[in-house]
Amino acid sequence: MQKRSSWLTIPDDSDFSLGNLPYGIFSRPQGVPGVGVAIGEYVIDLAMAYQKGLFADYPLAKNVFQSAVLNDFIAIGPSYWSFIRKVLQDQLCDRSSRLAQWASVLLVKQELVRLHLPLRIGNYTDFYSSREHAIQVGRLFRPERPLMPNWEHLPVAYHGRASSVVVSNTPIYRPRGQVCPHPSEGPVMQPTQELDYELELAFVVGKDSPLGAPVPVERAEEYMFGALLFNDWSARDLQRWEYQPLGPFTSKNFASTVSPWVVTMEALSACRTPAPVQSPLPLPYLTQAKRLGFDIHLFLSIQPSDEQAYPVAHTNASFLYWTVSQQVAHHTISGCNLQIGDLLATGTISGPEPGMEGCLLEATKGGTRAVPLRDGLVRRYLEDGDRVVFTGYFQGTEGRVGFGTAEGEVHPPFQLP
């Protein structure tokens with residue numbers, strides 16, 4: 001497809017090209033939150049665009065863009081999502097369009113707006129879908145059998161805490177909890193000394209599923225709206241003490257960071273790629289005729305206080321062993337229902353080579369070796385003042401398609417009452 005040009009200047013290195021147009025929630029100074037679309041260095045104010053008649057060919061009973069979350073817009077369905085996307089693309093390429101005529105009112109510089117959590121998140125599930133990550137972590141604890149017997153037969157997951165999912169640039173406070181460094185002496189309560197990040201994607205549910213009705217794997221993507229970058233902050237020393245037999249709890253429930261822009265499944269269709277071959281074949285309800293992943297480059301860096309950001313890892317979403325369709329099919333096979341705005345996170349995304357580790361637990365071999373940032377500056381785990389920055393993108397035919405950033409700065413723990 002020939003690349004179209006826009007009357008609006010869009011930098012070549014912008015995540016927000018004509019091929020992207022992700023949705024988010026923003027507010028102007030002294031304004032109220034509403035739905036926007038990112039394009040280049042700007043945000044398109046969709047509530048105002050609706051008022052100016054840009055979407056008059058598809059009238060609605062109410063202006064769903066006058067909302068502090070995307071849920072009402074998502075609920076209208078994929079035909080309307082595609083309609084809005086096409087209208088914006090067409091008008092951005094037409095200098096005589098209504099969007100161009102009202103540009104001074106409808107476009108606002110991103111640097112002037114505040115970005116908000118884009119969704120009302122009812123539930124959040126975190127999967128464990130990277131085989132490389134599962135093996136590398138498993139070797140730290142079970143070198144003779146790094147993968148558990150179930151791992152190659154189902155997408156392992158746990159139910160996370162939705163209330164502590166926060167938007168990028170929200171401070172992250174070092175959690176306290178029980179740790180047991182010396183089993184013979186019993187546990188103590190203290191701030192975590194092993195704070196870590198996990199580089200993930202999270203897929204946004206775009207359609208409710210009925211309670212009791214499994215979603216077929218071949219129809220699972222019909223229930224997806226888009227994806228964000230996701231940081232599942234983790235306290236490894238708390239996790240080590242608490243995770244048996246029911247899995248992580250306070251070691252992960254204190255915060256998860258998402259990028260503010262949701263890249264739609266329609267935009268992501270340009271980066272589909274064959275998923276890794278599965279052996280053994282899973283059960284029929286998880287078997288797909290054509291398994292596709294996403295060729296998305298993912299990067300993470302650590303920026304210590306008063307320092308520049310230092311690249312730590314570069315991996316790719318294409319390494320994920322379990323697809324989002326398989327995640328949905330397994331999640332609902334029991335009859336569990338999905339709700340609009342739910343998040344399904346992939347789990348840590350790691351690759352097979354050094355420098356592709358999606359968390360410090362892997363990169364430091366359980367804290368036994370340091371990761372160099374620069375000469376004389378290393379990390380085993382995160383320190384107060386460290387800022388962790390995730391980015392991700394792919395290069396499409398109509399420009400770069402990315403998520404912006406998912407970043408958070410580590411702060412000391414709250415004082416106990």
# chains A, B, ... in the order shown; residues from 1 in each chain; ligands from 1
>>> residues_around(residues="stretch 317-326 of chain A", least_positions_apart="2", cutoff="6 Å", atoms="only C-alpha atoms", output="ChimeraX atom specification")
/A:129-131,217,220-221,276,286,293-296,328-329
>>> write_last_selection(atoms="N, CA and C atoms", output="mmCIF file, in the first residue's frame")
data_model
loop_
_atom_site.group_PDB
_atom_site.id
_atom_site.type_symbol
_atom_site.label_atom_id
_atom_site.label_comp_id
_atom_site.auth_asym_id
_atom_site.auth_seq_id
_atom_site.Cartn_x
_atom_site.Cartn_y
_atom_site.Cartn_z
ATOM 1 N N SER A 129 3.468 -16.256 29.400
ATOM 2 C CA SER A 129 3.399 -16.800 28.048
ATOM 3 C C SER A 129 4.720 -16.865 27.298
ATOM 4 N N SER A 130 5.799 -16.374 27.887
ATOM 5 C CA SER A 130 7.100 -16.426 27.233
ATOM 6 C C SER A 130 7.855 -17.672 27.672
ATOM 7 N N ARG A 131 8.117 -18.561 26.731
ATOM 8 C CA ARG A 131 8.839 -19.785 27.048
ATOM 9 C C ARG A 131 10.254 -19.481 27.519
ATOM 10 N N VAL A 217 -11.347 -20.403 20.391
ATOM 11 C CA VAL A 217 -10.037 -19.837 20.114
ATOM 12 C C VAL A 217 -10.006 -19.110 18.772
ATOM 13 N N ALA A 220 -11.497 -15.597 19.263
ATOM 14 C CA ALA A 220 -11.060 -14.876 20.466
ATOM 15 C C ALA A 220 -10.681 -13.428 20.187
ATOM 16 N N GLU A 221 -10.055 -13.168 19.049
ATOM 17 C CA GLU A 221 -9.621 -11.790 18.785
ATOM 18 C C GLU A 221 -10.796 -10.857 18.525
ATOM 19 N N PRO A 276 5.588 -18.915 17.537
ATOM 20 C CA PRO A 276 6.480 -20.074 17.659
ATOM 21 C C PRO A 276 5.719 -21.398 17.544
ATOM 22 N N LEU A 286 -7.475 -25.255 22.364
ATOM 23 C CA LEU A 286 -6.386 -24.287 22.250
ATOM 24 C C LEU A 286 -5.682 -24.356 20.892
ATOM 25 N N GLY A 293 1.407 -14.158 16.042
ATOM 26 C CA GLY A 293 1.827 -13.258 17.099
ATOM 27 C C GLY A 293 1.992 -11.850 16.550
ATOM 28 N N PHE A 294 2.815 -11.054 17.244
ATOM 29 C CA PHE A 294 2.999 -9.652 16.890
ATOM 30 C C PHE A 294 4.491 -9.340 16.865
ATOM 31 N N ASP A 295 4.960 -8.805 15.746
ATOM 32 C CA ASP A 295 6.370 -8.446 15.595
ATOM 33 C C ASP A 295 6.570 -7.022 16.103
ATOM 34 N N ILE A 296 6.623 -6.881 17.425
ATOM 35 C CA ILE A 296 6.747 -5.572 18.069
ATOM 36 C C ILE A 296 8.072 -5.529 18.831
ATOM 37 N N VAL A 328 -7.256 -16.104 25.724
ATOM 38 C CA VAL A 328 -8.697 -15.874 25.880
ATOM 39 C C VAL A 328 -9.446 -17.202 25.958
ATOM 40 N N ALA A 329 -9.106 -18.141 25.084
ATOM 41 C CA ALA A 329 -9.809 -19.431 25.068
ATOM 42 C C ALA A 329 -9.635 -20.166 26.389
#
>>> residues_around(residues="stretch 263-272 of chain A", least_positions_apart="6", cutoff="8 Å", atoms="only C-alpha atoms", output="list in words")
Gly19, Asn20, Leu21, Pro22, Tyr23, Ser82, Met224, Phe225, Gly226, Ala227, Leu228, Leu292, Gly293, Phe294, Asp295, Ile296, Phe394, Gly396, Val401, Gly402 and Phe403 of chain A
>>> closest_residue(among="A:Leu199, A:Ile333, A:Ile302, A:Leu54", to="A:Leu377", atoms="only C-alpha atoms")
A:Ile302
>>> closest_atom_pairs(of="stretch 232-313 of chain A", to="stretch 26-44 of chain A", cutoff="10 Å", atoms="only C-alpha atoms", output="Markdown table")
| residue | atom | partner | partner_atom | distance |
| --- | --- | --- | --- | --- |
| A:Pro260 | CA | A:Phe26 | CA | 8.9 |
| A:Trp261 | CA | A:Ala38 | CA | 7.7 |
| A:Val262 | CA | A:Val37 | CA | 9.4 |
| A:Val263 | CA | A:Ala38 | CA | 10.0 |
>>> residues_around(residues="stretch 236-249 of chain A", least_positions_apart="2", cutoff="6 Å", atoms="only C-alpha atoms", output="CSV table (one decimal) with C-alpha atoms, in the first residue's frame")
chain,number,residue,atom,x,y,z
A,178,GLN,CA,7.0,-10.3,54.8
A,179,VAL,CA,10.4,-11.7,53.8
A,194,GLU,CA,14.6,-6.8,45.5
A,234,SER,CA,7.4,-7.2,41.4
A,251,SER,CA,4.7,-9.1,45.9
A,252,LYS,CA,2.7,-7.9,42.9
A,253,ASN,CA,-0.5,-6.2,44.1
>>> select_by_dssp(residues="stretch 353-391 of chain A", states="strand (DSSP E or B)", output="list in words")
Val371, Pro372, Leu373, Arg374, Leu377, Val378, Arg379, Arg387, Val388, Val389, Phe390 and Thr391 of chain A
>>> residues_around(residues="A:Leu119", least_positions_apart="3", cutoff="9 Å", atoms="only C-alpha atoms", output="VMD selection string")
chain A and resid 24 to 25 68 to 71 116 204 341 to 342
>>> atom_distance(atom1="atom CA of A:Arg4", atom2="atom CA of A:Ser17")
10.5 Å
>>> select_by_dssp(residues="stretch 59-141 of chain A", states="helix (DSSP H, G or I)", output="VMD selection string")
chain A and resid 71 to 76 78 to 92 98 to 101 103 to 106 110 to 112 131 to 141
>>> atom_distance(atom1="atom CA of A:Ile74", atom2="atom CA of A:Ile121")
12.7 Å
>>> closest_residue(among="A:Arg142, A:Gly77, A:Tyr158, A:Leu8", to="A:Gln91", atoms="only C-alpha atoms")
A:Leu8
>>> closest_residue(among="A:Pro155, A:Pro354, A:Gly376, A:Gly177", to="A:His330", atoms="only C-alpha atoms")
A:Pro155
>>> atom_distance(atom1="atom CA of A:Ser350", atom2="atom CA of A:Tyr197")
12.4 Å
>>> residues_around(residues="A:Ala406", least_positions_apart="3", cutoff="8 Å", atoms="only C-alpha atoms", output="number ranges by chain")
A: 167-169, 229-231, 257-260, 389-391
>>> write_last_selection(atoms="N, CA and C atoms", output="PDB file, in the first residue's frame")
ATOM      1  N   VAL A 167      -1.484   4.752  35.409  1.00  0.00           N
ATOM      2  CA  VAL A 167      -0.999   5.231  34.124  1.00  0.00           C
ATOM      3  C   VAL A 167       0.466   5.645  34.251  1.00  0.00           C
ATOM      4  N   SER A 168       1.152   5.665  33.122  1.00  0.00           N
ATOM      5  CA  SER A 168       2.556   6.048  33.051  1.00  0.00           C
ATOM      6  C   SER A 168       2.819   7.360  33.797  1.00  0.00           C
ATOM      7  N   ASN A 169       3.965   7.404  34.469  1.00  0.00           N
ATOM      8  CA  ASN A 169       4.452   8.561  35.240  1.00  0.00           C
ATOM      9  C   ASN A 169       3.806   8.687  36.618  1.00  0.00           C
ATOM     10  N   LEU A 229       1.505  -1.070  26.595  1.00  0.00           N
ATOM     11  CA  LEU A 229       2.673  -1.535  27.333  1.00  0.00           C
ATOM     12  C   LEU A 229       2.286  -1.721  28.794  1.00  0.00           C
ATOM     13  N   PHE A 230       2.926  -2.683  29.446  1.00  0.00           N
ATOM     14  CA  PHE A 230       2.522  -3.046  30.802  1.00  0.00           C
ATOM     15  C   PHE A 230       3.752  -3.398  31.627  1.00  0.00           C
ATOM     16  N   ASN A 231       3.877  -2.800  32.791  1.00  0.00           N
ATOM     17  CA  ASN A 231       4.958  -3.120  33.735  1.00  0.00           C
ATOM     18  C   ASN A 231       4.346  -3.725  34.983  1.00  0.00           C
ATOM     19  N   THR A 257       2.009  -0.591  35.921  1.00  0.00           N
ATOM     20  CA  THR A 257       2.002   0.629  35.117  1.00  0.00           C
ATOM     21  C   THR A 257       1.642   0.308  33.672  1.00  0.00           C
ATOM     22  N   VAL A 258       0.732   1.113  33.091  1.00  0.00           N
ATOM     23  CA  VAL A 258       0.375   0.961  31.678  1.00  0.00           C
ATOM     24  C   VAL A 258       0.706   2.241  30.927  1.00  0.00           C
ATOM     25  N   SER A 259       0.978   2.095  29.635  1.00  0.00           N
ATOM     26  CA  SER A 259       1.124   3.260  28.771  1.00  0.00           C
ATOM     27  C   SER A 259      -0.243   3.905  28.576  1.00  0.00           C
ATOM     28  N   PRO A 260      -0.290   5.206  28.288  1.00  0.00           N
ATOM     29  CA  PRO A 260      -1.589   5.899  28.235  1.00  0.00           C
ATOM     30  C   PRO A 260      -2.362   5.700  26.946  1.00  0.00           C
ATOM     31  N   VAL A 389      11.707   2.843  32.160  1.00  0.00           N
ATOM     32  CA  VAL A 389      10.993   3.312  30.966  1.00  0.00           C
ATOM     33  C   VAL A 389      10.867   2.168  29.969  1.00  0.00           C
ATOM     34  N   PHE A 390       9.628   1.852  29.598  1.00  0.00           N
ATOM     35  CA  PHE A 390       9.338   0.878  28.548  1.00  0.00           C
ATOM     36  C   PHE A 390       8.895   1.629  27.293  1.00  0.00           C
ATOM     37  N   THR A 391       9.363   1.181  26.135  1.00  0.00           N
ATOM     38  CA  THR A 391       8.856   1.650  24.854  1.00  0.00           C
ATOM     39  C   THR A 391       8.672   0.443  23.940  1.00  0.00           C
TER      40      THR A 391
END
>>> closest_residue(among="A:His297, A:Tyr128, A:His182, A:Glu152", to="A:Gln395", atoms="only C-alpha atoms")
A:His297
>>> decode(residues="stretch 136-265 of chain A", atoms="C-alpha atoms", output="short mmCIF file (atom, residue, chain, number, x, y, z; two decimals), in the first residue's frame")
data_model
loop_
_atom_site.label_atom_id
_atom_site.label_comp_id
_atom_site.auth_asym_id
_atom_site.auth_seq_id
_atom_site.Cartn_x
_atom_site.Cartn_y
_atom_site.Cartn_z
CA GLN A 136 15.30 -18.91 32.46
CA VAL A 137 13.43 -18.28 35.71
CA GLY A 138 12.77 -21.98 36.18
CA ARG A 139 16.50 -22.73 35.94
CA LEU A 140 17.12 -20.47 38.94
CA PHE A 141 14.90 -22.63 41.15
CA ARG A 142 14.57 -26.00 39.38
CA PRO A 143 17.65 -26.43 37.16
CA GLU A 144 16.86 -30.08 36.51
CA ARG A 145 13.27 -29.31 35.35
CA PRO A 146 12.84 -25.58 34.58
CA LEU A 147 9.39 -25.92 33.03
CA MET A 148 6.57 -27.21 35.19
CA PRO A 149 4.68 -30.18 33.68
CA ASN A 150 1.64 -28.08 32.77
CA TRP A 151 3.46 -25.18 31.09
CA GLU A 152 3.50 -26.53 27.50
CA HIS A 153 -0.15 -27.62 27.74
CA LEU A 154 -1.89 -24.43 28.90
CA PRO A 155 -1.24 -20.68 29.24
CA VAL A 156 -0.46 -20.36 32.95
CA ALA A 157 -1.88 -17.23 34.64
CA TYR A 158 -2.93 -15.66 37.91
CA HIS A 159 -5.59 -13.08 38.76
CA GLY A 160 -3.98 -9.68 39.44
CA ARG A 161 -5.12 -6.56 41.24
CA ALA A 162 -6.98 -4.10 39.00
CA SER A 163 -7.26 -1.28 41.56
CA SER A 164 -3.51 -0.63 41.55
CA VAL A 165 -3.07 -0.42 37.77
CA VAL A 166 -1.81 3.12 37.16
CA VAL A 167 -1.00 5.23 34.12
CA SER A 168 2.56 6.05 33.05
CA ASN A 169 4.45 8.56 35.24
CA THR A 170 2.55 7.66 38.40
CA PRO A 171 5.03 7.35 41.33
CA ILE A 172 5.77 3.80 42.45
CA TYR A 173 6.23 3.43 46.22
CA ARG A 174 8.52 0.70 47.42
CA PRO A 175 6.28 -1.92 49.03
CA ARG A 176 6.64 -3.47 52.44
CA GLY A 177 5.86 -7.04 53.26
CA GLN A 178 7.00 -10.27 54.81
CA VAL A 179 10.37 -11.69 53.78
CA CYS A 180 12.24 -14.65 55.15
CA PRO A 181 15.97 -14.30 54.42
CA HIS A 182 16.86 -16.83 57.15
CA PRO A 183 14.25 -19.62 57.33
CA SER A 184 15.51 -20.84 60.71
CA GLU A 185 14.72 -17.43 62.21
CA GLY A 186 11.26 -16.93 60.69
CA PRO A 187 9.91 -14.00 58.66
CA VAL A 188 10.33 -10.28 59.20
CA MET A 189 8.38 -7.33 57.82
CA GLN A 190 10.40 -4.75 55.88
CA PRO A 191 10.54 -2.79 52.61
CA THR A 192 11.48 -4.98 49.67
CA GLN A 193 15.17 -5.10 48.85
CA GLU A 194 14.56 -6.80 45.50
CA LEU A 195 12.23 -4.51 43.56
CA ASP A 196 11.95 -5.53 39.92
CA TYR A 197 10.08 -4.70 36.72
CA GLU A 198 8.47 -7.01 34.16
CA LEU A 199 8.27 -5.94 30.51
CA GLU A 200 4.89 -7.01 29.12
CA LEU A 201 2.04 -6.15 26.80
CA ALA A 202 -1.55 -6.06 28.04
CA PHE A 203 -4.50 -6.67 25.73
CA VAL A 204 -7.74 -4.78 26.35
CA VAL A 205 -11.03 -6.67 26.22
CA GLY A 206 -13.39 -4.96 23.78
CA LYS A 207 -16.50 -7.12 24.07
CA ASP A 208 -18.34 -8.76 26.96
CA SER A 209 -18.65 -12.53 26.96
CA PRO A 210 -21.55 -14.28 28.70
CA LEU A 211 -21.00 -16.02 32.02
CA GLY A 212 -20.76 -19.75 31.41
CA ALA A 213 -19.94 -19.47 27.68
CA PRO A 214 -16.36 -20.30 26.58
CA VAL A 215 -14.94 -18.16 23.77
CA PRO A 216 -13.71 -20.33 20.86
CA VAL A 217 -10.04 -19.84 20.11
CA GLU A 218 -10.72 -18.98 16.47
CA ARG A 219 -13.05 -16.15 17.52
CA ALA A 220 -11.06 -14.88 20.47
CA GLU A 221 -9.62 -11.79 18.78
CA GLU A 222 -13.17 -10.56 18.17
CA TYR A 223 -13.16 -9.85 21.90
CA MET A 224 -10.01 -7.68 21.83
CA PHE A 225 -9.89 -3.90 21.38
CA GLY A 226 -6.15 -3.22 21.46
CA ALA A 227 -2.99 -3.33 23.53
CA LEU A 228 -0.78 -1.26 25.84
CA LEU A 229 2.67 -1.53 27.33
CA PHE A 230 2.52 -3.05 30.80
CA ASN A 231 4.96 -3.12 33.73
CA ASP A 232 4.10 -5.72 36.35
CA TRP A 233 6.24 -4.34 39.20
CA SER A 234 7.42 -7.19 41.42
CA ALA A 235 9.04 -7.54 44.85
CA ARG A 236 11.10 -10.71 44.47
CA ASP A 237 11.95 -11.25 48.14
CA LEU A 238 8.28 -10.95 49.12
CA GLN A 239 7.37 -13.23 46.23
CA ARG A 240 9.89 -15.89 47.21
CA TRP A 241 8.37 -16.20 50.72
CA GLU A 242 4.66 -15.97 49.86
CA TYR A 243 4.12 -17.57 46.45
CA GLN A 244 3.61 -21.19 47.52
CA PRO A 245 1.05 -22.69 47.24
CA LEU A 246 -1.30 -20.12 45.66
CA GLY A 247 1.06 -17.81 43.75
CA PRO A 248 2.06 -14.15 44.17
CA PHE A 249 0.00 -11.73 46.25
CA THR A 250 1.51 -8.69 48.01
CA SER A 251 4.68 -9.08 45.94
CA LYS A 252 2.74 -7.87 42.89
CA ASN A 253 -0.50 -6.23 44.05
CA PHE A 254 1.03 -2.83 44.93
CA ALA A 255 1.31 -1.40 41.37
CA SER A 256 1.23 -2.11 37.65
CA THR A 257 2.00 0.63 35.12
CA VAL A 258 0.38 0.96 31.68
CA SER A 259 1.12 3.26 28.77
CA PRO A 260 -1.59 5.90 28.23
CA TRP A 261 -2.36 5.06 24.58
CA VAL A 262 -4.25 1.95 23.47
CA VAL A 263 -3.07 0.77 20.05
CA THR A 264 -6.02 -0.89 18.33
CA MET A 265 -6.07 -4.41 16.94
#
